[in-house]
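Participant: For reference, the file structure_17.cif (mmCIF, C-alpha atoms) is included below:
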```cif
data_data
loop_
_atom_site.label_atom_id
_atom_site.label_comp_id
_atom_site.auth_asym_id
_atom_site.auth_seq_id
_atom_site.Cartn_x
_atom_site.Cartn_y
_atom_site.Cartn_z
CA MET E 1 -3.91 10.41 -0.93
CA ARG E 2 -5.58 7.17 -1.99
CA VAL E 3 -4.25 3.98 -3.60
CA LEU E 4 -6.18 1.08 -5.09
CA VAL E 5 -4.34 -2.24 -5.29
CA ILE E 6 -5.57 -5.00 -7.60
CA SER E 7 -3.71 -8.26 -7.04
CA SER E 8 -3.97 -11.95 -7.91
CA CYS E 9 -5.33 -14.80 -5.83
CA THR E 10 -2.85 -17.47 -4.78
CA LYS E 11 -3.04 -21.24 -4.87
CA ARG E 12 -1.92 -21.49 -1.26
CA LYS E 13 -4.77 -20.97 1.21
CA LEU E 14 -4.89 -20.58 4.98
CA VAL E 15 -7.48 -23.34 5.36
CA ARG E 16 -7.15 -26.71 3.67
CA VAL E 17 -10.07 -29.07 3.30
CA ALA E 18 -10.49 -32.50 1.76
CA LYS E 19 -12.99 -31.25 -0.83
CA PRO E 20 -12.48 -27.58 -1.72
CA LEU E 21 -14.75 -25.82 -4.19
CA THR E 22 -14.05 -26.70 -7.81
CA LEU E 23 -14.79 -25.01 -11.11
CA GLU E 24 -17.94 -27.11 -11.47
CA ASP E 25 -19.17 -25.75 -8.13
CA PHE E 26 -18.65 -22.17 -9.28
CA LYS E 27 -20.42 -22.76 -12.58
CA ASP E 28 -23.65 -23.58 -10.74
CA PRO E 29 -24.54 -20.76 -8.27
CA GLU E 30 -26.96 -22.91 -6.26
CA ARG E 31 -24.39 -25.67 -5.99
CA ARG E 32 -21.74 -23.14 -4.89
CA ILE E 33 -23.99 -21.78 -2.17
CA ALA E 34 -24.73 -25.29 -0.93
CA ARG E 35 -21.03 -26.16 -0.86
CA GLU E 36 -20.23 -22.94 0.99
CA LYS E 37 -22.73 -23.95 3.66
CA GLU E 38 -20.89 -27.25 3.98
CA LEU E 39 -17.62 -25.34 4.36
CA SER E 40 -18.98 -22.49 6.48
CA SER E 41 -16.55 -23.14 9.34
CA SER E 42 -13.64 -22.98 6.89
CA MET E 43 -14.55 -19.68 5.25
CA ARG E 44 -12.31 -16.66 5.84
CA GLU E 45 -12.06 -13.12 4.54
CA ALA E 46 -10.09 -13.02 1.30
CA ALA E 47 -7.25 -10.98 2.83
CA GLU E 48 -6.72 -13.75 5.38
CA MET E 49 -7.44 -16.77 3.18
CA TYR E 50 -4.65 -16.28 0.65
CA THR E 51 -1.22 -17.13 1.99
CA GLY E 52 0.94 -17.18 -1.15
CA ASP E 53 4.16 -15.15 -0.94
CA GLN E 54 3.01 -12.30 -3.19
CA HIS E 55 -0.19 -11.79 -1.22
CA VAL E 56 1.67 -11.81 2.09
CA GLU E 57 4.09 -9.12 0.87
CA VAL E 58 1.28 -7.01 -0.57
CA MET E 59 -0.68 -7.08 2.68
CA ARG E 60 2.43 -6.10 4.64
CA GLY E 61 2.69 -3.02 2.47
CA VAL E 62 -1.03 -2.32 2.87
CA LYS E 63 -0.74 -2.66 6.64
CA GLY E 64 2.09 -0.14 6.75
CA ILE E 65 0.20 2.42 4.66
CA ARG E 66 -2.90 2.08 6.82
CA GLU E 67 -0.96 2.44 10.03
CA ARG E 68 0.63 5.63 8.69
CA PHE E 69 -2.25 7.25 6.80
CA GLY E 70 -5.44 5.51 7.95
CA THR E 71 -7.61 2.66 6.71
CA GLN E 72 -9.08 4.66 3.81
CA ALA E 73 -5.70 5.41 2.22
CA VAL E 74 -5.50 2.05 0.45
CA CYS E 75 -8.08 -0.41 -0.85
CA VAL E 76 -7.39 -3.98 -1.99
CA ARG E 77 -9.23 -6.00 -4.60
CA ILE E 78 -8.23 -9.55 -5.49
CA ILE E 79 -8.89 -11.33 -8.77
CA SER E 80 -10.00 -14.85 -7.95
CA ALA E 81 -10.27 -17.55 -10.60
CA GLY E 82 -13.28 -18.86 -8.69
CA TYR E 83 -15.06 -15.84 -7.25
CA GLY E 84 -14.09 -13.10 -9.71
CA LEU E 85 -13.02 -9.68 -8.44
CA VAL E 86 -13.47 -9.70 -4.66
CA SER E 87 -12.92 -7.19 -1.89
CA GLU E 88 -10.39 -8.12 0.75
CA ASP E 89 -13.08 -8.46 3.42
CA ARG E 90 -15.34 -10.82 1.45
CA PRO E 91 -15.66 -14.25 3.11
CA ILE E 92 -14.63 -17.01 0.72
CA ALA E 93 -14.40 -20.79 0.97
CA PRO E 94 -11.29 -22.84 0.20
CA TYR E 95 -11.24 -23.61 -3.51
CA ASP E 96 -9.02 -25.20 -6.13
CA VAL E 97 -9.41 -23.21 -9.34
CA THR E 98 -6.68 -21.41 -11.32
CA PHE E 99 -6.65 -19.67 -14.68
CA SER E 100 -3.35 -21.35 -15.52
CA ASN E 101 -5.03 -24.76 -15.59
CA MET E 102 -7.93 -23.70 -17.79
CA LYS E 103 -6.01 -22.89 -20.99
CA ARG E 104 -8.57 -22.02 -23.70
CA GLU E 105 -11.45 -21.91 -21.24
CA ALA E 106 -9.86 -19.17 -19.13
CA ALA E 107 -11.00 -16.18 -21.18
CA ALA E 108 -14.57 -17.45 -21.43
CA TRP E 109 -14.73 -18.18 -17.71
CA ALA E 110 -13.31 -14.75 -16.83
CA LYS E 111 -16.04 -13.23 -18.96
CA CYS E 112 -18.69 -15.24 -17.08
CA LEU E 113 -17.27 -13.80 -13.84
CA HIS E 114 -17.48 -10.24 -15.30
CA ILE E 115 -13.89 -9.61 -14.19
CA ALA E 116 -12.99 -7.13 -16.94
CA ASP E 117 -16.15 -5.08 -16.41
CA ASP E 118 -15.80 -5.16 -12.63
CA VAL E 119 -12.18 -4.01 -12.80
CA ARG E 120 -13.11 -1.05 -15.00
CA GLU E 121 -15.93 -0.11 -12.65
CA THR E 122 -13.75 -0.49 -9.55
CA ILE E 123 -10.95 1.81 -10.72
CA ARG E 124 -13.35 4.74 -11.11
CA GLY E 125 -12.50 7.56 -8.74
CA TRP E 126 -9.09 6.23 -7.72
CA PRO E 127 -6.24 8.61 -8.66
CA LEU E 128 -3.70 5.78 -8.47
CA ALA E 129 -4.39 2.10 -9.17
CA ILE E 130 -1.56 -0.41 -8.91
CA PHE E 131 -2.01 -3.77 -10.63
CA LEU E 132 0.04 -6.75 -9.40
CA LEU E 133 -1.03 -9.56 -11.70
CA GLY E 134 0.47 -12.73 -13.12
CA ASP E 135 0.48 -13.37 -16.87
CA ASP E 136 -2.69 -15.49 -16.82
CA TYR E 137 -4.68 -12.65 -15.29
CA PHE E 138 -4.12 -10.16 -18.09
CA ALA E 139 -6.48 -12.11 -20.33
CA ALA E 140 -9.01 -12.06 -17.50
CA ILE E 141 -9.01 -8.25 -17.29
CA ASP E 142 -8.97 -7.87 -21.08
CA THR E 143 -6.09 -5.43 -21.49
CA PRO E 144 -5.41 -2.74 -22.48
CA ILE E 145 -7.29 -0.72 -19.88
CA SER E 146 -7.49 3.06 -20.14
CA PRO E 147 -7.89 5.39 -17.15
CA SER E 148 -11.50 6.11 -16.27
CA ASP E 149 -10.83 9.67 -15.11
CA ASP E 150 -8.63 12.57 -16.20
CA GLY E 151 -5.34 12.50 -14.33
CA GLN E 152 -5.74 8.91 -13.19
CA ARG E 153 -2.60 6.77 -13.19
CA LEU E 154 -2.83 3.00 -13.81
CA LEU E 155 0.43 1.35 -12.86
CA PHE E 156 1.04 -2.26 -13.92
CA VAL E 157 3.87 -4.21 -12.29
CA ALA E 158 4.39 -7.08 -14.72
CA LYS E 159 6.78 -9.15 -16.80
CA PRO E 160 8.14 -7.67 -20.05
CA ARG E 161 6.14 -10.12 -22.19
CA VAL E 162 2.88 -8.31 -21.41
CA ALA E 163 4.20 -4.75 -21.81
CA THR E 164 2.81 -4.36 -25.34
CA ARG E 165 -0.68 -5.07 -24.00
CA LEU E 166 -0.57 -2.10 -21.64
CA SER E 167 -0.08 0.78 -24.04
CA ALA E 168 -2.49 3.62 -23.25
CA ILE E 169 -2.32 7.23 -22.10
CA GLY E 170 -2.20 7.32 -18.31
CA VAL E 171 -0.82 3.76 -18.07
CA THR E 172 2.64 2.99 -16.68
CA TRP E 173 4.40 -0.35 -16.98
CA VAL E 174 6.88 -1.33 -14.26
CA PRO E 175 9.12 -4.25 -15.30
CA ALA E 176 9.14 -7.25 -12.95
CA GLY E 177 10.99 -10.05 -14.71
CA GLU E 178 14.14 -12.12 -14.36
CA HIS E 179 16.40 -9.06 -14.72
CA GLU E 180 14.70 -7.34 -11.79
CA VAL E 181 14.87 -10.51 -9.69
CA ARG E 182 18.66 -10.64 -10.14
CA ASP E 183 18.95 -6.89 -9.55
CA PHE E 184 17.07 -6.90 -6.27
CA ARG E 185 18.76 -10.02 -5.01
CA ARG E 186 21.97 -7.97 -5.16
CA LEU E 187 20.39 -4.92 -3.53
CA VAL E 188 18.55 -6.55 -0.64
CA PRO E 189 20.70 -6.91 2.50
CA ALA E 190 21.32 -10.56 3.37
CA GLY E 191 18.85 -11.85 5.92
CA SER E 192 16.57 -8.79 5.73
CA GLU E 193 13.69 -10.74 4.14
CA ASP E 194 12.25 -14.02 5.39
CA ARG E 195 11.71 -15.54 1.93
CA PRO E 196 13.79 -15.62 -1.27
CA ILE E 197 13.03 -13.18 -4.09
CA LEU E 198 11.52 -15.07 -7.05
CA THR E 199 9.62 -14.10 -10.18
CA THR E 200 6.46 -15.40 -8.50
CA ASN E 201 6.68 -13.04 -5.53
CA LEU E 202 8.72 -10.12 -6.90
CA LYS E 203 5.62 -8.01 -7.55
CA GLY E 204 4.64 -8.33 -3.92
CA PHE E 205 8.11 -7.30 -2.75
CA LEU E 206 8.16 -4.30 -5.09
CA PHE E 207 4.85 -3.08 -3.73
CA GLU E 208 5.91 -3.57 -0.12
CA TRP E 209 9.16 -1.67 -0.65
CA TYR E 210 7.28 1.12 -2.42
CA ALA E 211 4.84 1.23 0.51
CA ARG E 212 7.73 1.57 2.98
CA CYS E 213 9.03 4.60 1.08
CA LEU E 214 5.51 6.03 0.76
CA CYS E 215 5.13 5.85 4.53
CA VAL E 216 8.26 8.01 4.88
CA GLU E 217 7.82 10.48 2.01
CA GLY E 218 4.03 10.68 2.06
CA LYS E 219 1.88 12.70 -0.33
CA PRO E 220 4.73 14.20 -2.43
CA LEU E 221 5.79 10.66 -3.50
CA TRP E 222 2.19 9.71 -4.21
CA GLU E 223 1.74 12.82 -6.36
CA ARG E 224 4.93 12.14 -8.32
CA THR E 225 3.82 8.56 -8.92
CA CYS E 226 0.48 9.77 -10.26
CA GLN E 227 2.15 12.28 -12.58
CA ASP E 228 5.08 10.23 -13.91
CA PRO E 229 4.29 8.37 -17.15
CA THR E 230 7.45 6.27 -16.70
CA ALA E 231 8.38 3.66 -14.10
CA ASP E 232 11.17 5.87 -12.72
CA THR E 233 9.36 7.35 -9.71
CA PHE E 234 7.97 4.02 -8.58
CA MET E 235 11.28 2.17 -8.97
CA GLU E 236 13.27 4.92 -7.26
CA ALA E 237 10.92 4.64 -4.30
CA VAL E 238 11.23 0.84 -4.34
CA ARG E 239 15.03 1.05 -4.18
CA LYS E 240 14.82 3.43 -1.24
CA GLY E 241 12.27 1.19 0.44
CA VAL E 242 14.63 -1.81 0.36
CA ASN E 243 16.70 -0.09 3.07
CA ILE E 244 13.81 1.24 5.15
CA GLU E 245 12.86 -0.81 8.17
CA PRO E 246 9.23 -1.97 8.00
CA SER E 247 6.88 -0.28 10.42
#
```
Would you write out, as C-alpha cells, the structure that this file holds?

Facilitator:
Amino acid sequence: MRVLVISSCTKRKLVRVAKPLTLEDFKDPERRIAREKELSSSMREAAEMYTGDQHVEVMRGVKGIRERFGTQAVCVRIISAGYGLVSEDRPIAPYDVTFSNMKREAAAWAKCLHIADDVRETIRGWPLAIFLLGDDYFAAIDTPISPSDDGQRLLFVAKPRVATRLSAIGVTWVPAGEHEVRDFRRLVPAGSEDRPILTTNLKGFLFEWYARCLCVEGKPLWERTCQDPTADTFMEAVRKGVNIEPS
C-alpha cells in the first residue's frame, strides 16, 4: 500500500529573512547558490519550511499514515515556484516567488524548471498519486496527465473550473470548491479543528480526513480508491474521517 502526494508550496514560510531569494536569483544558478550560502543558517527541509494551512494539514495526514503503516507508505513531493518539484526532505532557502504573480511568464518559467517532466517521471511506479494543487499550478504541470502504468490511479483534488483539464482514463477528479467548503463547515464538529475551513486550505483538510480513515480501514480502502474512477470512494472516506480522532 503506497501513496504519492504532490502538493503546492505556500507563501508562508517557517523562516523569514530580510532578503529572501527572488525570481532573479533562481534564474541564475550561480547566483542562487551564492545566495543560499548567505542564507545557509535559514535553510530548512521543505516539509518544515512551508507553514501555510494546506501544507500543515497535508503533513498531519502524512504523519498519521506513516505512524500506522511505516515511512515508506507515503511520499510527498512539493511543487515550488522557485525550486521546481522538490522532495520533502530537500533543504531550501526562504524565497518570495509565486506562480500567481507571474501571469504570462508562469508557463515559461515552469518549463524552465522542468516541472511537467519531473511530475510525469515521479509518478512512475506509484499505484495511487494524489494531487493537491491550486489553480496556478495546473499550468505548471501541463495537464492533462495520463497514468504512467496500467492500473495506476491519479486523483486530483481541485476546484470545478479545472475539471475539464483532467479528463483521461485512470484520472479521478475530486471537487474542492465553494460548495464543498460550505458542506464541510456543516459537517465538522464545532471546535474540532484549529483553523477555519476555506477554499485555500480545503484540499489539505480533505487529504487529512481521508488519511484518518485510511489509518482505520487500511488496505481495503486504498484498493477501492485505486479502482474507483469516480470521487465517491475518496469522499466517503473523507466524510468518515471528519469524525475520527487524529492519531

Participant: Take the PyMOL selection byres ((chain E and resi 14-31) around 10), apply it to the structure above, and return the hits as number ranges by chain.

Facilitator: E: 12-13, 32-37, 39, 41-44, 46, 48-52, 81-83, 93-98, 102, 109, 112-113

Participant: For the residues in the current selection, export C-alpha atoms as a compact mmCIF listing (two decimals), in the coordinates of the input.

Facilitator:
```txt
# COMPACT_ATOMS: atom_id res chain seq x y z
CA ARG E 12 -1.92 -21.49 -1.26
CA LYS E 13 -4.77 -20.97 1.21
CA ARG E 32 -21.74 -23.14 -4.89
CA ILE E 33 -23.99 -21.78 -2.17
CA ALA E 34 -24.73 -25.29 -0.93
CA ARG E 35 -21.03 -26.16 -0.86
CA GLU E 36 -20.23 -22.94 0.99
CA LYS E 37 -22.73 -23.95 3.66
CA LEU E 39 -17.62 -25.34 4.36
CA SER E 41 -16.55 -23.14 9.34
CA SER E 42 -13.64 -22.98 6.89
CA MET E 43 -14.55 -19.68 5.25
CA ARG E 44 -12.31 -16.66 5.84
CA ALA E 46 -10.09 -13.02 1.30
CA GLU E 48 -6.72 -13.75 5.38
CA MET E 49 -7.44 -16.77 3.18
CA TYR E 50 -4.65 -16.28 0.65
CA THR E 51 -1.22 -17.13 1.99
CA GLY E 52 0.94 -17.18 -1.15
CA ALA E 81 -10.27 -17.55 -10.60
CA GLY E 82 -13.28 -18.86 -8.69
CA TYR E 83 -15.06 -15.84 -7.25
CA ALA E 93 -14.40 -20.79 0.97
CA PRO E 94 -11.29 -22.84 0.20
CA TYR E 95 -11.24 -23.61 -3.51
CA ASP E 96 -9.02 -25.20 -6.13
CA VAL E 97 -9.41 -23.21 -9.34
CA THR E 98 -6.68 -21.41 -11.32
CA MET E 102 -7.93 -23.70 -17.79
CA TRP E 109 -14.73 -18.18 -17.71
CA CYS E 112 -18.69 -15.24 -17.08
CA LEU E 113 -17.27 -13.80 -13.84
```

Participant: So how far away is atom CA of E:Phe99 from atom CA of E:Ser167, in Å?

Facilitator: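 Atom CA of E:Phe99 lies 23.4 Å from atom CA of E:Ser167.
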
Participant: Rounded to one decimal, what separation in Å do you get between atom CA of E:Glu121 and atom CA of E:Ala168?

Facilitator: 17.5 Å

Participant: Go through the shown structure with the PyMOL selection byres ((chain E and resi 156) around 7) and write out the matching residues as an MDAnalysis selection string.

Facilitator: chainID E and resid 130:132 154:155 157:158 172:174

Participant: Would you mind telling me which residue in E:Leu85, E:Cys75, E:Val216, E:Leu128 lies nearest to E:Val171 when using all atoms listed in the file?

Facilitator: E:Leu128

Participant: For E:Met59, find every residue with an atom within 8 Å (counting only C-alpha atoms), except residues of its own chain fewer than 4 positions away, and show them as a list in words.

Facilitator: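 Listed by chain and then number, they are Ala47, His55, Lys63 and Glu208 of chain E.
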
Participant: Show me, as a PyMOL selection string, the residues that have an atom within 10 Å of stretch 134-146 of chain E when counting all atoms listed in the file, minus same-chain residues fewer than 2 positions from it.

Facilitator: chain E and resi 7-9+79-81+84-85+98-103+106-111+113-120+131-132+148-149+152-154+157-159+161-171+199-201+203

Participant: Considering all atoms listed in the file, can you say which of E:Gly204, E:Gly125, E:Pro160, E:Pro229 comes closest to E:Ile6?

Facilitator: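 Ranked by minimum distance to E:Ile6, first place goes to E:Gly204.
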
Participant: Find the smallest box with edges along x, y and z containing every listed atom of stretch 229-240 of chain E, then add 5 Å on each side and report centre and edge lengths in Å to one decimal, as AutoDock Vina command-line options.

Facilitator:
```
--center_x 9.7 --center_y 4.6 --center_z -9.2 --size_x 20.7 --size_y 17.5 --size_z 25.9
```

Participant: Taking only C-alpha atoms into account, name the residue in E:Asp53, E:Arg77, E:Met235, E:Trp126 that is nearest to E:Lys11.

Facilitator: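 Going through E:Asp53, E:Arg77, E:Met235, E:Trp126 one by one, the smallest distance to E:Lys11 is for E:Asp53.
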
Participant: Can you tell me, as a list in words, what residues are no more than 7 Å from E:Met1 when counting only C-alpha atoms, ignoring any on the same chain fewer than 4 positions away?

Facilitator: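 With the cut-off at 7 Å, the set is Ala73, Lys219 and Trp222 of chain E.
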
Participant: When you count all atoms listed in the file, which of these residues is closest to E:Val76: E:Thr230, E:Ser40, E:Thr122, E:Ser192?

Facilitator: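 Once distances to E:Val76 are computed over all atoms listed in the file, the minimum belongs to E:Thr122.
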
Participant: Mind running stretch 8-66 of chain E against stretch 238-247 of chain E at 12 Å and telling me each contacting residue's nearest atom pair with the distance in Å (one decimal), counting only C-alpha atoms, chain and number ascending, as CSV?

Facilitator:
```
residue,atom,partner,partner_atom,distance
E:Glu57,CA,E:Pro246,CA,11.3
E:Arg60,CA,E:Pro246,CA,8.6
E:Gly61,CA,E:Pro246,CA,8.6
E:Val62,CA,E:Ser247,CA,11.1
E:Lys63,CA,E:Ser247,CA,8.8
E:Gly64,CA,E:Ser247,CA,6.0
E:Ile65,CA,E:Ser247,CA,9.2
E:Arg66,CA,E:Ser247,CA,10.7
```

Participant: With all atoms listed in the file as the atoms that count, which of E:Thr10, E:Pro127, E:Glu88, E:Val56 lies nearest to E:Gln227?

Facilitator: E:Pro127

Participant: Go ahead and compute the interatomic distance for atom CA of E:Asp228 and atom CA of E:Asp183, in Å to one decimal.

Facilitator: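 If I compute the distance from atom CA of E:Asp228 to atom CA of E:Asp183, I get 22.5 Å.
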
Participant: Ranking E:Tyr210, E:Leu198, E:Leu221, E:Phe205 by minimum distance to E:Arg182 and counting all atoms listed in the file, which one comes first?

Facilitator: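 The closest residue to E:Arg182 is E:Leu198.
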